[in-house]
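Trainee: Sharing a structure with you now.
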Amino acid sequence: MSAPTSSSDAGVLPGSAQPTQEAVQAALATVLDPEIGKPITELDMVEAIQVRGDGSVDVVVLLTVSGCPMRDEITNRVDRAVRGVAGVTDVRVVLSVMSDAQRSGLHEKLRGGTPTRVIPFAQPGSLTRVYGVASGKGGVGKSSVTVNVAVAMAQSGLKVGVLDADIYGHSVPRMFGIDRGPTQVDKMIMPPQAHGVKVISTGMFTRGNAPVTWRGPMLHRALEQFLSDVFWGDLDVLLLDLPPGTGDIAISLAQLVPSSELLVVTTPQVAATEVAERAGTIAAQTRQNVVGVLENMAYLPCPHCDERIDLFGAGGGAAVAERLTTVLGHDVPLLAQIPLDVRLREGGDAGVPLVVSDPDCEASKQLRTVADRLGHRSRGLAGRSLNLSPSRGLAATPPHAH
Ligand SMILES: Nc1ncnc2c1ncn2[C@@H]1O[C@H](COP(=O)(O)OP(=O)(O)OP(=O)(O)O)[C@@H](O)[C@H]1O
């Protein structure tokens, strides 16, 4: 701590510490970019620091893109950190924007110096568990389950991402309460975050609520892009909300991330269980592991006496689990039975998942059980099929899908 030494130090009170450039730099090194989750100093986002004799500090911060949705948050974080440095009397944060060259440099840095497109989850040694959430029929609650399980995992301290691959019925952003698109840095896409989860959805790349009419190969390409061009960071778990049915995208997932596993969602209804079985048995062809079955809308608790009313029948989840165990030749457990709960639907509509708004209700408890079982399994080869040819049979890749 040095005493004021020059005439420009007139504004510093006698005896107060003079902030140093190094101290300000160290404070800035604690500021994380909200989207990338790394210190802004490491991302070359701090262009200049000026410490004046009166203890006021100017910091020039480079945003990755102009109109960055995080500009206010970044400004606040920088302001707070620098104000905490001893002797700082005032802080001025000046925002500027990276040049194309700087953005490319950041892009390369984030890729870890790898210039070509890779899917991090498909690399040997990847520690991220990838789960495709599948169902036979639409409307059985696959998206609601994906969102709530992801948030429950994040609540337990895991780093979680959700990829809404339900290209035709993308409802995930709304369920998370996300109404903005991702930021794009060079060719890299920064996923918005909500309730502690990084989220990307086709819905973020279509205008308004325009229906998506992509066909198989384009879907494959879109999925590949979401897996490789989105900056997911180090995730513990990635959940993919797959379109209903036994469609192309489930096969694409198996090809792009051979170690991915499936979670099958069904209702107790016979019509739903039959197609759920079919969706699950696709895993026999793709040699994916099915981690379990989740029965949603399992029953309606009577609002008067709490008795279970089997609105959609009973036993469907157990039947699918048993059948898949036989067909796939490995244990496929029934992981949870989630009751019908109007608050689950309301939470989805309002963008506040049930595990946040009503963590103690039965549906939330069941969803947390699934999150705990899937989130804290150790990654290993036990119980997984050895898919030794990841690039086999990749669909032709047409030009850029969006
Ligand atoms: N357990 C539940 N209790 C009450 N409502 C539920 C429950 N599960 C889902 N829902 C509601 O049912 C509707 C369909 O759910 P959701 O969108 O999650 O299904 P989905 O299987 O993803 O559908 P799709 O694949 O067709 O997009 C939503 O309005 C959702 O809020």
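Each chain of the structure tokens is named A, B, ... in the order shown, its residues numbered from 1; ligands are numbered from 1 in display order.
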Residues within 9 Å of ligand 1 should be enumerated using only C-alpha atoms and all ligand atoms and returned as a PyMOL selection string.

Mentor: chain A and resi 134-147+166+168-172+175+241-245+265-266+296-300+338-349+363

Trainee: Which residues of range 209-278 of chain A come within 9 Å of range 13-36 of chain A, and what is each one's closest atom pair and distance in Å (one decimal), counting only C-alpha atoms, sorted by chain and residue number, as a tab-separated table?

Mentor:
residue	atom	partner	partner_atom	distance
A:Phe231	CA	A:Ile36	CA	7.4
A:Trp232	CA	A:Ile36	CA	8.3
A:Gly233	CA	A:Ile36	CA	7.3

Trainee: So that I can check the surroundings of range 364-375 of chain A, please list as number ranges by chain every protein, DNA and RNA residue that reaches within 7 Å of it, counting only C-alpha atoms and ignoring chain neighbours fewer than 5 positions away.

Mentor: A: 148-149, 152-153, 237, 335-338, 354-355, 358-359

Trainee: Would you put the residues from that selection into a file with N, CA and C atoms, as a compact mmCIF listing (two decimals), in the first residue's frame?

Mentor:
# COMPACT_ATOMS: atom_id res chain seq x y z
N ASN A 148 -37.90 -30.45 -15.46
CA ASN A 148 -37.88 -30.57 -14.00
C ASN A 148 -36.73 -31.44 -13.50
N VAL A 149 -36.43 -32.50 -14.22
CA VAL A 149 -35.30 -33.34 -13.81
C VAL A 149 -34.00 -32.54 -13.94
N ALA A 152 -33.82 -30.07 -11.10
CA ALA A 152 -33.53 -30.79 -9.84
C ALA A 152 -32.06 -31.19 -9.78
N MET A 153 -31.50 -31.60 -10.89
CA MET A 153 -30.08 -31.94 -10.92
C MET A 153 -29.23 -30.71 -10.60
N VAL A 237 -24.14 -33.35 -16.82
CA VAL A 237 -25.24 -34.06 -17.49
C VAL A 237 -25.80 -33.21 -18.61
N LEU A 335 -38.37 -46.01 -12.76
CA LEU A 335 -37.68 -45.07 -11.87
C LEU A 335 -38.62 -44.25 -11.00
N ALA A 336 -39.77 -43.90 -11.52
CA ALA A 336 -40.66 -43.04 -10.75
C ALA A 336 -42.06 -43.06 -11.34
N GLN A 337 -43.03 -42.75 -10.51
CA GLN A 337 -44.42 -42.57 -10.96
C GLN A 337 -44.85 -41.17 -10.53
N ILE A 338 -45.07 -40.34 -11.52
CA ILE A 338 -45.39 -38.94 -11.22
C ILE A 338 -46.89 -38.72 -11.33
N LEU A 354 -41.87 -27.01 -11.46
CA LEU A 354 -42.49 -27.43 -10.21
C LEU A 354 -41.47 -27.67 -9.10
N VAL A 355 -40.31 -28.23 -9.45
CA VAL A 355 -39.30 -28.52 -8.41
C VAL A 355 -38.77 -27.24 -7.78
N ASP A 358 -42.73 -25.75 -6.03
CA ASP A 358 -43.33 -26.63 -5.03
C ASP A 358 -42.43 -27.84 -4.78
N PRO A 359 -41.27 -27.60 -4.20
CA PRO A 359 -40.29 -28.68 -4.10
C PRO A 359 -40.74 -29.86 -3.23

Trainee: When DSSP works through the backbone of this structure, what residues of range 93-186 of chain A end up as strand (DSSP E), shown as a PyMOL selection string?

Mentor: chain A and resi 93-97+129-134+160-164+183-185

Trainee: Write to file, as a tab-separated table (two decimals), in the first residue's frame, the residues of the selection just made, with C-alpha atoms.

Mentor:
chain	number	residue	atom	x	y	z
A	93	VAL	CA	-17.25	0.73	-16.76
A	94	VAL	CA	-16.95	1.51	-20.46
A	95	LEU	CA	-18.34	-1.14	-22.80
A	96	SER	CA	-16.89	-1.74	-26.24
A	97	VAL	CA	-17.20	-4.65	-28.68
A	129	ARG	CA	-23.57	-38.19	-19.07
A	130	VAL	CA	-25.88	-37.72	-22.04
A	131	TYR	CA	-29.51	-38.80	-21.75
A	132	GLY	CA	-32.08	-38.71	-24.51
A	133	VAL	CA	-35.60	-38.41	-23.07
A	134	ALA	CA	-37.85	-40.41	-25.39
A	160	VAL	CA	-26.57	-29.41	-16.42
A	161	GLY	CA	-27.56	-28.61	-19.99
A	162	VAL	CA	-30.81	-29.22	-21.84
A	163	LEU	CA	-30.96	-29.57	-25.59
A	164	ASP	CA	-34.51	-29.28	-26.87
A	183	THR	CA	-25.65	-15.02	-28.07
A	184	GLN	CA	-23.43	-15.97	-30.96
A	185	VAL	CA	-19.65	-15.52	-30.73

Trainee: If you measure from CA of Ala279 in chain A to CA of Phe312 in chain A, what distance in Å do you get, rounded to one decimal?

Mentor: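 About the pair CA of Ala279 in chain A and CA of Phe312 in chain A: they are 19.7 Å apart.
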